[in-house]
file target30.txt (compact mmCIF, C-alpha atoms)
# COMPACT_ATOMS: atom_id res chain seq x y z
CA MET A 130 81.01 118.76 84.21
CA GLY A 131 84.06 116.92 82.84
CA LEU A 132 87.38 116.15 84.47
CA PRO A 133 89.16 118.74 86.61
CA GLU A 134 91.53 121.07 84.77
CA ARG A 135 94.67 119.61 86.34
CA PHE A 136 93.55 115.99 86.11
CA ARG A 137 96.57 113.69 85.98
CA TRP A 138 96.82 110.86 83.49
CA GLY A 139 99.49 108.35 84.40
CA VAL A 140 100.83 104.83 84.36
CA ALA A 141 101.98 102.67 87.27
CA THR A 142 104.57 99.97 87.98
CA ALA A 143 106.27 98.39 91.02
CA ALA A 144 109.95 97.83 91.74
CA TYR A 145 110.12 94.04 92.10
CA GLN A 146 107.88 93.57 89.09
CA ILE A 147 110.06 95.49 86.62
CA GLU A 148 113.50 96.49 87.94
CA GLY A 149 115.50 93.27 87.90
CA ALA A 150 119.16 93.82 88.90
CA ALA A 151 118.34 91.83 92.02
CA GLY A 152 121.93 91.52 93.19
CA GLU A 153 123.44 94.72 91.82
CA ASP A 154 124.84 97.82 93.50
CA GLY A 155 124.36 96.60 97.04
CA ARG A 156 120.69 95.62 96.89
CA GLY A 157 119.77 93.09 99.56
CA PRO A 158 117.23 90.27 99.34
CA SER A 159 113.53 90.94 99.80
CA THR A 160 110.82 88.53 100.88
CA TRP A 161 109.88 88.23 97.21
CA ASP A 162 113.41 87.19 96.23
CA VAL A 163 113.28 84.39 98.78
CA PHE A 164 109.67 83.44 98.00
CA SER A 165 110.15 83.33 94.23
CA HIS A 166 113.28 81.19 94.58
CA THR A 167 111.39 78.66 96.72
CA PRO A 168 110.21 75.76 94.52
CA GLY A 169 106.47 75.63 93.99
CA ARG A 170 105.75 79.19 95.08
CA VAL A 171 105.63 80.94 91.68
CA ARG A 172 104.23 79.59 88.43
CA ASP A 173 106.90 77.98 86.24
CA GLY A 174 109.61 78.86 88.76
CA HIS A 175 109.76 82.46 87.57
CA THR A 176 111.57 85.10 89.63
CA GLY A 177 112.05 88.86 89.50
CA ASP A 178 115.83 88.55 89.09
CA VAL A 179 115.72 90.23 85.67
CA ALA A 180 112.05 91.10 85.16
CA CYS A 181 111.89 93.98 82.61
CA ASP A 182 115.48 95.06 83.34
CA HIS A 183 114.11 98.53 84.09
CA TYR A 184 117.12 99.18 86.34
CA HIS A 185 119.24 99.44 83.19
CA ARG A 186 116.56 100.38 80.64
CA TRP A 187 114.79 103.18 82.48
CA PRO A 188 115.68 105.83 79.85
CA GLU A 189 113.89 103.74 77.22
CA ASP A 190 110.90 103.35 79.54
CA ILE A 191 110.73 107.08 80.24
CA ALA A 192 110.74 107.64 76.48
CA LEU A 193 107.73 105.32 76.23
CA MET A 194 105.94 107.36 78.91
CA ALA A 195 106.79 110.58 77.12
CA GLY A 196 105.35 109.09 73.95
CA LEU A 197 102.11 108.43 75.80
CA GLY A 198 101.98 112.03 76.99
CA VAL A 199 101.32 111.05 80.61
CA ASP A 200 101.46 113.69 83.34
CA ALA A 201 102.71 111.36 86.07
CA TYR A 202 104.44 108.05 86.69
CA ARG A 203 103.75 105.97 89.76
CA PHE A 204 106.73 103.76 90.67
CA SER A 205 107.90 102.15 93.88
CA ILE A 206 111.18 102.49 95.73
CA ALA A 207 112.68 99.11 96.60
CA TRP A 208 113.34 99.13 100.34
CA PRO A 209 116.12 96.48 100.09
CA ARG A 210 117.85 98.59 97.44
CA VAL A 211 117.97 101.54 99.83
CA GLN A 212 118.48 99.63 103.11
CA PRO A 213 119.66 96.09 102.34
CA ALA A 214 119.16 94.93 105.92
CA GLY A 215 115.98 96.93 106.48
CA ARG A 216 117.72 99.04 109.09
CA GLY A 217 120.92 100.98 109.51
CA PRO A 218 122.97 102.88 106.94
CA VAL A 219 121.63 103.86 103.57
CA ASN A 220 122.94 102.18 100.44
CA ALA A 221 123.91 105.25 98.44
CA LYS A 222 124.05 103.41 95.11
CA GLY A 223 120.47 102.30 95.60
CA LEU A 224 119.21 105.83 96.12
CA ASP A 225 121.37 107.00 93.23
CA PHE A 226 119.19 104.93 90.91
CA TYR A 227 116.03 106.70 92.06
CA ASP A 228 117.83 110.04 91.79
CA ARG A 229 118.52 109.30 88.12
CA LEU A 230 114.98 108.07 87.54
CA VAL A 231 113.34 111.11 89.16
CA ASP A 232 115.58 113.55 87.29
CA GLY A 233 114.86 111.72 84.05
CA LEU A 234 111.12 111.91 84.63
CA LEU A 235 111.24 115.62 85.39
CA ALA A 236 113.34 116.28 82.29
CA ALA A 237 110.60 114.58 80.28
CA GLY A 238 107.89 116.69 81.92
CA ILE A 239 106.51 113.75 83.94
CA SER A 240 105.70 114.13 87.63
CA PRO A 241 107.20 111.40 89.88
CA VAL A 242 104.76 109.62 92.21
CA ALA A 243 106.71 107.41 94.63
CA THR A 244 105.30 104.42 96.49
CA LEU A 245 107.42 103.51 99.49
CA TYR A 246 106.15 99.99 100.13
CA HIS A 247 104.96 97.76 97.31
CA TRP A 248 105.43 94.45 99.16
CA ASP A 249 109.24 93.99 98.93
CA LEU A 250 110.13 93.82 102.63
CA PRO A 251 113.85 93.32 103.28
CA GLN A 252 114.29 89.66 104.18
CA PRO A 253 116.29 90.37 107.37
CA LEU A 254 113.24 92.16 108.76
CA GLU A 255 111.03 89.20 107.90
CA ASP A 256 113.52 86.93 109.64
CA ALA A 257 112.97 89.10 112.73
CA GLY A 258 109.18 88.68 112.50
CA GLY A 259 108.24 90.97 109.61
CA TRP A 260 104.95 92.83 109.82
CA MET A 261 103.94 90.68 112.79
CA GLU A 262 106.36 92.81 114.82
CA ARG A 263 105.73 96.37 115.94
CA ASP A 264 109.37 97.26 115.34
CA THR A 265 108.90 96.89 111.57
CA ALA A 266 106.69 99.99 111.60
CA TYR A 267 109.57 102.01 113.03
CA ARG A 268 112.01 100.55 110.54
CA PHE A 269 109.62 101.60 107.75
CA ALA A 270 109.58 105.15 109.12
CA GLU A 271 113.38 105.17 109.06
CA PHE A 272 113.42 104.01 105.44
CA SER A 273 110.84 106.68 104.56
CA TYR A 274 113.07 109.32 106.13
CA LEU A 275 116.07 108.21 104.07
CA ALA A 276 114.11 108.18 100.81
CA ALA A 277 112.52 111.57 101.44
CA THR A 278 115.79 113.16 102.49
CA ARG A 279 117.16 112.42 99.03
CA LEU A 280 114.03 112.86 96.89
CA ALA A 281 111.38 115.01 98.58
CA ASP A 282 112.57 118.17 96.83
CA ARG A 283 111.54 116.66 93.48
CA VAL A 284 108.85 114.02 94.15
CA ASP A 285 105.43 115.64 94.15
CA MET A 286 103.33 112.76 95.57
CA TRP A 287 104.23 110.06 98.09
CA ILE A 288 102.27 106.85 98.69
CA THR A 289 103.23 105.16 101.94
CA LEU A 290 101.70 101.71 101.41
CA ASN A 291 100.32 99.86 98.41
CA GLU A 292 97.40 97.52 99.09
CA PRO A 293 98.26 96.56 102.68
CA VAL A 294 95.25 94.22 102.68
CA VAL A 295 97.08 92.01 100.16
CA VAL A 296 100.13 91.78 102.42
CA THR A 297 97.95 90.77 105.36
CA ALA A 298 95.70 88.37 103.46
CA TYR A 299 97.85 86.82 100.74
CA GLY A 300 101.21 87.19 102.47
CA TYR A 301 100.51 86.34 106.10
CA ALA A 302 97.03 84.79 106.32
CA PHE A 303 96.78 82.53 103.25
CA GLY A 304 100.43 82.14 102.27
CA VAL A 305 100.03 82.52 98.51
CA TYR A 306 102.30 85.60 98.33
CA ALA A 307 105.55 86.43 100.10
CA PRO A 308 106.43 85.75 102.85
CA GLY A 309 104.13 82.74 102.50
CA ARG A 310 102.86 82.44 106.06
CA THR A 311 99.49 80.81 106.82
CA LEU A 312 98.35 82.50 110.01
CA MET A 313 94.70 83.05 108.97
CA LEU A 314 93.06 85.51 111.42
CA ASP A 315 96.19 85.46 113.58
CA ALA A 316 97.70 87.63 110.82
CA LEU A 317 95.66 90.67 111.91
CA PRO A 318 98.58 92.33 113.74
CA THR A 319 100.15 92.85 110.31
CA ALA A 320 97.25 95.13 109.41
CA HIS A 321 97.83 97.35 112.41
CA TYR A 322 101.60 97.47 112.15
CA GLN A 323 101.44 98.39 108.47
CA LEU A 324 99.05 101.22 109.33
CA LEU A 325 101.26 102.29 112.21
CA GLY A 326 104.15 102.38 109.75
CA HIS A 327 102.00 104.57 107.51
CA GLY A 328 101.31 106.98 110.37
CA LEU A 329 104.94 107.15 111.42
CA ALA A 330 106.01 107.64 107.80
CA ILE A 331 103.68 110.64 107.47
CA GLN A 332 105.62 112.31 110.29
CA THR A 333 109.02 111.58 108.78
CA LEU A 334 107.98 112.51 105.25
CA ARG A 335 106.56 115.84 106.37
CA SER A 336 109.72 116.52 108.40
CA ARG A 337 111.72 116.22 105.18
CA GLY A 338 109.47 118.53 103.20
CA ALA A 339 107.31 115.98 101.36
CA ARG A 340 104.35 117.72 99.76
CA LYS A 341 101.38 115.43 99.02
CA ILE A 342 101.16 112.22 101.09
CA GLY A 343 98.59 109.44 100.93
CA LEU A 344 98.21 105.68 100.80
CA THR A 345 96.74 103.29 98.25
CA ASN A 346 94.16 100.65 99.12
CA HIS A 347 92.73 97.79 97.12
CA TYR A 348 88.94 97.88 97.00
CA SER A 349 86.42 95.30 95.84
CA PRO A 350 82.63 95.69 96.18
CA ALA A 351 81.19 92.76 98.15
CA TRP A 352 78.22 91.04 96.51
CA ALA A 353 76.16 88.69 98.66
CA ALA A 354 75.38 85.52 96.68
CA THR A 355 71.91 85.39 98.29
CA PRO A 356 70.09 87.68 100.76
CA GLY A 357 71.04 85.24 103.49
CA ASP A 358 74.72 85.76 102.69
CA GLN A 359 74.62 89.50 103.45
CA PRO A 360 76.30 89.11 106.87
CA ALA A 361 79.17 87.29 105.14
CA ALA A 362 79.37 90.05 102.52
CA ASP A 363 79.43 92.65 105.30
CA ALA A 364 82.28 90.75 106.97
CA PHE A 365 84.21 90.69 103.69
CA ASP A 366 83.55 94.40 103.20
CA GLY A 367 84.89 95.06 106.70
CA PHE A 368 88.09 93.18 105.91
CA MET A 369 88.69 94.24 102.31
CA ASN A 370 87.29 97.76 102.15
CA ARG A 371 87.15 99.15 105.69
CA LEU A 372 90.07 97.66 107.62
CA PHE A 373 92.66 99.95 106.03
CA THR A 374 90.38 102.96 105.43
CA ASP A 375 88.30 103.44 108.58
CA PRO A 376 91.39 103.89 110.82
CA VAL A 377 92.90 106.46 108.46
CA LEU A 378 89.76 108.48 107.73
CA LEU A 379 87.60 107.79 110.82
CA GLY A 380 90.21 107.12 113.49
CA ARG A 381 88.79 103.74 114.45
CA TYR A 382 88.84 100.13 113.34
CA PRO A 383 85.78 98.19 112.13
CA ASP A 384 84.44 95.42 114.37
CA LEU A 385 86.97 92.94 113.02
CA MET A 386 89.74 94.68 114.99
CA ALA A 387 87.77 96.24 117.83
CA ASP A 388 89.62 95.92 121.15
CA ALA A 389 92.63 94.18 119.59
CA PRO A 390 95.30 93.88 122.32
CA PHE A 391 98.13 95.01 120.04
CA VAL A 392 96.49 98.38 119.32
CA ARG A 393 97.68 101.13 121.66
CA PRO A 394 95.43 104.19 122.09
CA GLU A 395 98.15 106.58 120.94
CA ASP A 396 98.59 104.58 117.72
CA MET A 397 95.28 105.80 116.32
CA THR A 398 96.36 109.42 116.51
CA LEU A 399 99.31 108.61 114.27
CA ILE A 400 97.30 106.42 111.90
CA SER A 401 94.53 108.99 111.45
CA ALA A 402 96.85 111.91 110.73
CA PRO A 403 95.46 113.90 107.79
CA ILE A 404 96.41 112.66 104.33
CA ASP A 405 96.41 114.72 101.15
CA PHE A 406 94.85 112.06 98.94
CA LEU A 407 93.60 108.47 98.92
CA GLY A 408 94.70 106.04 96.24
CA VAL A 409 92.06 103.64 94.90
CA ASN A 410 93.04 100.39 93.18
CA TYR A 411 90.14 98.58 91.51
CA TYR A 412 89.98 95.46 89.36
CA ASN A 413 86.73 93.57 90.06
CA PRO A 414 83.90 92.93 92.54
CA THR A 415 83.77 89.83 94.78
CA ARG A 416 80.82 87.50 95.33
CA VAL A 417 80.59 86.21 98.89
CA THR A 418 78.81 83.28 100.51
CA THR A 419 78.44 82.04 104.08
CA PRO A 420 80.98 79.32 104.91
CA ALA A 421 79.79 75.98 106.22
CA GLU A 422 82.85 75.84 108.46
CA GLY A 423 86.35 77.23 108.81
CA PRO A 424 88.08 80.14 110.52
CA LEU A 425 86.80 82.91 108.22
CA PRO A 426 83.32 84.49 108.30
CA PHE A 427 83.03 84.47 104.49
CA ASP A 428 83.74 82.36 101.43
CA ILE A 429 84.38 83.68 97.93
CA THR A 430 82.62 82.22 94.91
CA ASP A 431 82.86 82.89 91.19
CA ILE A 432 80.99 85.62 89.36
CA THR A 433 79.94 83.90 86.14
CA GLU A 434 77.48 86.22 84.42
CA TYR A 435 80.06 88.72 83.15
CA PRO A 436 82.96 88.41 80.71
CA VAL A 437 86.34 87.87 82.34
CA THR A 438 89.93 88.97 81.85
CA GLY A 439 92.84 86.66 81.20
CA MET A 440 93.13 86.31 84.98
CA GLY A 441 89.53 85.10 85.16
CA TRP A 442 88.44 88.32 86.88
CA PRO A 443 84.92 89.54 86.04
CA ILE A 444 84.73 92.75 84.01
CA VAL A 445 82.16 94.98 85.73
CA PRO A 446 82.65 98.71 85.15
CA ASP A 447 79.41 99.47 86.99
CA ALA A 448 80.94 97.94 90.12
CA PHE A 449 83.77 100.45 89.82
CA LEU A 450 81.22 103.26 89.74
CA SER A 451 79.37 101.79 92.73
CA LEU A 452 82.66 101.58 94.63
CA LEU A 453 83.42 105.25 94.03
CA ARG A 454 79.91 106.18 95.12
CA MET A 455 80.26 104.00 98.23
CA LEU A 456 83.54 105.61 99.26
CA ASP A 457 82.11 109.08 98.72
CA ALA A 458 79.05 108.26 100.83
CA ARG A 459 80.96 106.48 103.58
CA TYR A 460 83.75 108.99 104.26
CA ASP A 461 84.63 112.65 104.25
CA LEU A 462 87.15 111.92 101.53
CA PRO A 463 90.35 113.70 100.61
CA PRO A 464 90.91 113.93 96.85
CA LEU A 465 90.98 110.50 95.17
CA TYR A 466 93.45 109.17 92.64
CA ILE A 467 92.77 105.94 90.77
CA THR A 468 96.24 104.56 91.35
CA GLU A 469 95.67 101.22 89.60
CA ASN A 470 93.12 99.97 87.11
CA GLY A 471 93.79 97.57 84.29
CA CYS A 472 93.53 94.03 82.99
CA SER A 473 95.51 91.05 81.78
CA PHE A 474 94.93 89.38 78.45
CA PRO A 475 97.18 86.93 76.57
CA ASP A 476 98.66 89.56 74.26
CA GLU A 477 101.27 88.49 71.74
CA PRO A 478 102.57 90.14 68.55
CA GLY A 479 100.83 89.13 65.36
CA PRO A 480 102.56 88.22 62.06
CA ASP A 481 103.15 91.92 61.38
CA GLY A 482 104.70 92.45 64.83
CA ALA A 483 101.76 94.52 66.10
CA VAL A 484 99.93 93.67 69.34
CA ASP A 485 96.18 94.07 68.89
CA ASP A 486 94.74 94.19 72.42
CA THR A 487 91.26 95.49 71.64
CA SER A 488 89.91 93.78 74.75
CA ARG A 489 92.15 95.96 76.91
CA ILE A 490 90.98 99.10 75.14
CA GLU A 491 87.36 98.13 75.78
CA PHE A 492 88.14 97.46 79.46
CA LEU A 493 89.96 100.75 80.01
CA ASP A 494 87.39 102.77 78.07
CA ALA A 495 84.48 101.37 80.08
CA HIS A 496 86.20 101.93 83.42
CA ILE A 497 87.37 105.44 82.57
CA ASN A 498 83.81 106.27 81.54
CA ALA A 499 82.58 104.93 84.90
CA MET A 500 85.12 107.20 86.61
CA ARG A 501 83.91 110.16 84.53
CA THR A 502 80.36 109.47 85.70
CA ALA A 503 81.53 109.55 89.32
CA VAL A 504 83.27 112.87 88.70
CA ASP A 505 80.10 114.27 87.11
CA GLU A 506 78.24 113.19 90.27
CA GLY A 507 80.64 115.18 92.42
CA VAL A 508 83.26 112.63 93.50
CA ASP A 509 86.60 114.48 93.76
CA ILE A 510 88.92 112.40 91.55
CA ARG A 511 92.16 114.07 90.49
CA GLY A 512 93.95 111.42 88.44
CA TYR A 513 93.96 107.99 86.79
CA PHE A 514 96.95 105.62 86.55
CA ALA A 515 96.66 102.67 84.17
CA TRP A 516 98.15 99.39 85.37
CA SER A 517 100.57 98.92 83.86
CA LEU A 518 103.08 100.61 81.58
CA LEU A 519 104.86 97.31 80.90
CA ASP A 520 104.08 93.62 80.93
CA ASN A 521 105.88 92.45 84.06
CA PHE A 522 106.44 89.86 86.80
CA GLU A 523 102.94 89.30 88.12
CA TRP A 524 103.75 87.92 91.58
CA ALA A 525 102.75 84.27 92.12
CA GLU A 526 101.57 84.03 88.49
CA GLY A 527 105.05 84.82 87.16
CA TYR A 528 105.30 86.19 83.63
CA ARG A 529 102.22 84.57 82.14
CA PRO A 530 99.74 87.44 82.77
CA ARG A 531 100.26 90.53 80.63
CA PHE A 532 98.86 93.78 82.05
CA GLY A 533 100.97 96.23 80.07
CA LEU A 534 100.24 98.90 77.50
CA VAL A 535 103.65 97.84 76.20
CA HIS A 536 104.49 94.22 75.34
CA VAL A 537 107.80 92.94 76.73
CA ASP A 538 109.68 90.05 75.14
CA TYR A 539 111.40 88.72 78.24
CA GLU A 540 114.10 86.92 76.22
CA THR A 541 115.25 90.02 74.33
CA GLN A 542 113.72 92.79 76.52
CA ARG A 543 112.27 94.30 73.37
CA ARG A 544 109.41 96.70 74.11
CA THR A 545 106.50 96.84 71.64
CA PRO A 546 103.71 99.37 72.27
CA LYS A 547 100.34 97.66 71.95
CA LYS A 548 97.25 99.02 70.26
CA SER A 549 96.08 100.15 73.72
CA TYR A 550 99.20 102.33 74.03
CA GLY A 551 98.11 104.38 71.02
CA TRP A 552 94.53 104.47 72.29
CA TYR A 553 95.59 105.77 75.71
CA ARG A 554 97.92 108.32 74.10
CA ASP A 555 95.05 109.63 71.97
CA LEU A 556 92.66 109.66 74.96
CA ILE A 557 95.10 111.79 76.98
CA ALA A 558 95.62 114.18 74.08
CA SER A 559 91.90 114.58 73.43
CA SER A 560 91.19 115.06 77.13
CA ARG A 561 93.66 117.95 77.24
CA ASN A 562 92.17 119.46 74.09
CA ARG A 563 88.75 119.59 75.73
CA LEU A 564 90.00 121.62 78.69

call {"tool": "encode", "arguments": {"input": "target30.txt", "output": "structure tokens"}}
result
Amino acid sequence: MGLPERFRWGVATAAYQIEGAAGEDGRGPSTWDVFSHTPGRVRDGHTGDVACDHYHRWPEDIALMAGLGVDAYRFSIAWPRVQPAGRGPVNAKGLDFYDRLVDGLLAAGISPVATLYHWDLPQPLEDAGGWMERDTAYRFAEFSYLAATRLADRVDMWITLNEPVVVTAYGYAFGVYAPGRTLMLDALPTAHYQLLGHGLAIQTLRSRGARKIGLTNHYSPAWAATPGDQPAADAFDGFMNRLFTDPVLLGRYPDLMADAPFVRPEDMTLISAPIDFLGVNYYNPTRVTTPAEGPLPFDITDITEYPVTGMGWPIVPDAFLSLLRMLDARYDLPPLYITENGCSFPDEPGPDGAVDDTSRIEFLDAHINAMRTAVDEGVDIRGYFAWSLLDNFEWAEGYRPRFGLVHVDYETQRRTPKKSYGWYRDLIASSRNRL
């Protein structure tokens, strides 16, 4: 069968991970600015203050994308760059940057795919309660309106939220990501208010002429360690894979959030408004056991029988295929886009200056082949975005992990395309030639 004729090959990044220019042109602080500047929060005390300096070097980065031959670029719009306080007047200089970026992409023949929320909540909103407060959903809709008013005439695809489960779990429940709160199951209101923000943003985006609108979820197949651990695996599946998908596609929450007092009946109408696509981020499966005690209905244990990435994540392309099959069987899906898939390895230039990342090529090749199998089986997948274009600030792990197709020397900001860059370029070219 092969890939659809207009299949989109792309690369993805996120604002706080690459832009830098943290204090320039009126940008306000985000939760990640505060978190990364708090001692002990990020490995080696790294911050996103400079990152890849994409704010100043975006023409060079667009040239790298053009060299790859990608059809689309998924980036995120930094909320505190557009609304420094998270509410109120727009910061025109902040939107001017995205104007330049979008125009530069279009001039290079690359379609802009804008993510509105990739975890960088303006700190003043967090100070007022953050995603634990219903009002934040309305502030997000206001920000979406401002961004779309400026950019909707040129941005083809809009993603409201990126991996909201990570914000709820890592940011508010376990405290390992910004804002660093440890509320455990008391963090569940953040799931609903993010989804409410998504629903409200759909309204505002459509009112400003936005064309394709969706959201991106992180998915991880749940493997029970033993048959007796299946209830724990089901609980993990409900949290990781269903909590942010069932409400959008089925109009109801899984049991984990059934009858939650903060959910108003009218909210579900907003949350389940039709979307034009669903973004799928996949990295690895998760093995689950039954906890002996504690507030959560599952524990996570290592998967040891597969090779691992530099992050220690198991490499299981077949789990990616099983995930795509599961989503297709579980829901009446809109078109899917693989909005993130990639791996970290300790890539460094060799004596000749080249970066030989054969392990990344093997990872991407195996996962793209798994995706092709799903397409051949009838799963409607319209695009694939490799994570990531550039090595970047990798959240609590700082700059140690390297996920990029392009190596970044953070001291000099020199970009060096890796071996995987040439491989991906050739894959895109050959894919087009087969159509």

call {"tool": "residues_near_point", "arguments": {"input": "target30.txt", "point": "(100.8, 96.7, 108.9)", "cutoff": "6 Å", "atoms": "all atoms listed in the file", "output": "ChimeraX atom specification"}}
result
/A:260,319-324

call {"tool": "write_last_selection", "arguments": {"input": "target30.txt", "atoms": "C-alpha atoms", "output": "PDB file, in the frame of the given file"}}
result
ATOM      1  CA  TRP A 260     104.950  92.830 109.820  1.00  0.00           C
ATOM      2  CA  THR A 319     100.150  92.850 110.310  1.00  0.00           C
ATOM      3  CA  ALA A 320      97.250  95.130 109.410  1.00  0.00           C
ATOM      4  CA  HIS A 321      97.830  97.350 112.410  1.00  0.00           C
ATOM      5  CA  TYR A 322     101.600  97.470 112.150  1.00  0.00           C
ATOM      6  CA  GLN A 323     101.440  98.390 108.470  1.00  0.00           C
ATOM      7  CA  LEU A 324      99.050 101.220 109.330  1.00  0.00           C
TER       8      LEU A 324
END

call {"tool": "residues_around", "arguments": {"input": "target30.txt", "residues": "segment 537-548 of chain A", "least_positions_apart": "6", "cutoff": "8 Å", "atoms": "only C-alpha atoms", "output": "NGL selection string"}}
result
:A and (180-182 or 483-487 or 490 or 519-521)

call {"tool": "closest_atom_pairs", "arguments": {"input": "target30.txt", "of": "segment 179-210 of chain A", "to": "segment 147-157 of chain A", "cutoff": "12 Å", "atoms": "all atoms listed in the file", "output": "tab-separated table"}}
result
residue	atom	partner	partner_atom	distance
A:Val179	CA	A:Gly149	CA	3.8
A:Ala180	CA	A:Gly149	CA	4.9
A:Cys181	CA	A:Ile147	CA	4.7
A:Asp182	CA	A:Gly149	CA	4.9
A:His183	CA	A:Glu148	CA	4.4
A:Tyr184	CA	A:Glu148	CA	4.8
A:His185	CA	A:Ala150	CA	8.0
A:Arg186	CA	A:Glu148	CA	8.8
A:Trp187	CA	A:Glu148	CA	8.7
A:Asp190	CA	A:Ile147	CA	10.6
A:Phe204	CA	A:Ile147	CA	9.8
A:Ser205	CA	A:Glu148	CA	9.9
A:Ile206	CA	A:Glu148	CA	10.1
A:Ala207	CA	A:Arg156	CA	8.7
A:Trp208	CA	A:Arg156	CA	8.8
A:Pro209	CA	A:Gly157	CA	5.0
A:Arg210	CA	A:Arg156	CA	4.1

call {"tool": "residues_around", "arguments": {"input": "target30.txt", "residues": "Gly441 of chain A", "least_positions_apart": "5", "cutoff": "12 Å", "atoms": "all atoms listed in the file", "output": "tab-separated table (two decimals) with C-alpha atoms, in the coordinates of the input"}}
result
chain	number	residue	atom	x	y	z
A	412	TYR	CA	89.98	95.46	89.36
A	413	ASN	CA	86.73	93.57	90.06
A	431	ASP	CA	82.86	82.89	91.19
A	432	ILE	CA	80.99	85.62	89.36
A	433	THR	CA	79.94	83.90	86.14
A	435	TYR	CA	80.06	88.72	83.15
A	436	PRO	CA	82.96	88.41	80.71
A	472	CYS	CA	93.53	94.03	82.99
A	473	SER	CA	95.51	91.05	81.78
A	474	PHE	CA	94.93	89.38	78.45
A	475	PRO	CA	97.18	86.93	76.57
A	530	PRO	CA	99.74	87.44	82.77

call {"tool": "residues_around", "arguments": {"input": "target30.txt", "residues": "Val296 of chain A", "least_positions_apart": "5", "cutoff": "8 Å", "atoms": "all atoms listed in the file", "output": "list in words"}}
result
Trp248, Tyr301, Tyr306, Ala307 and Thr319 of chain A

call {"tool": "residues_around", "arguments": {"input": "target30.txt", "residues": "segment 349-361 of chain A", "least_positions_apart": "4", "cutoff": "10 Å", "atoms": "all atoms listed in the file", "output": "PyMOL selection string"}}
result
chain A and resi 365-367+369-370+410-420+425-432+448-449+451-453+455
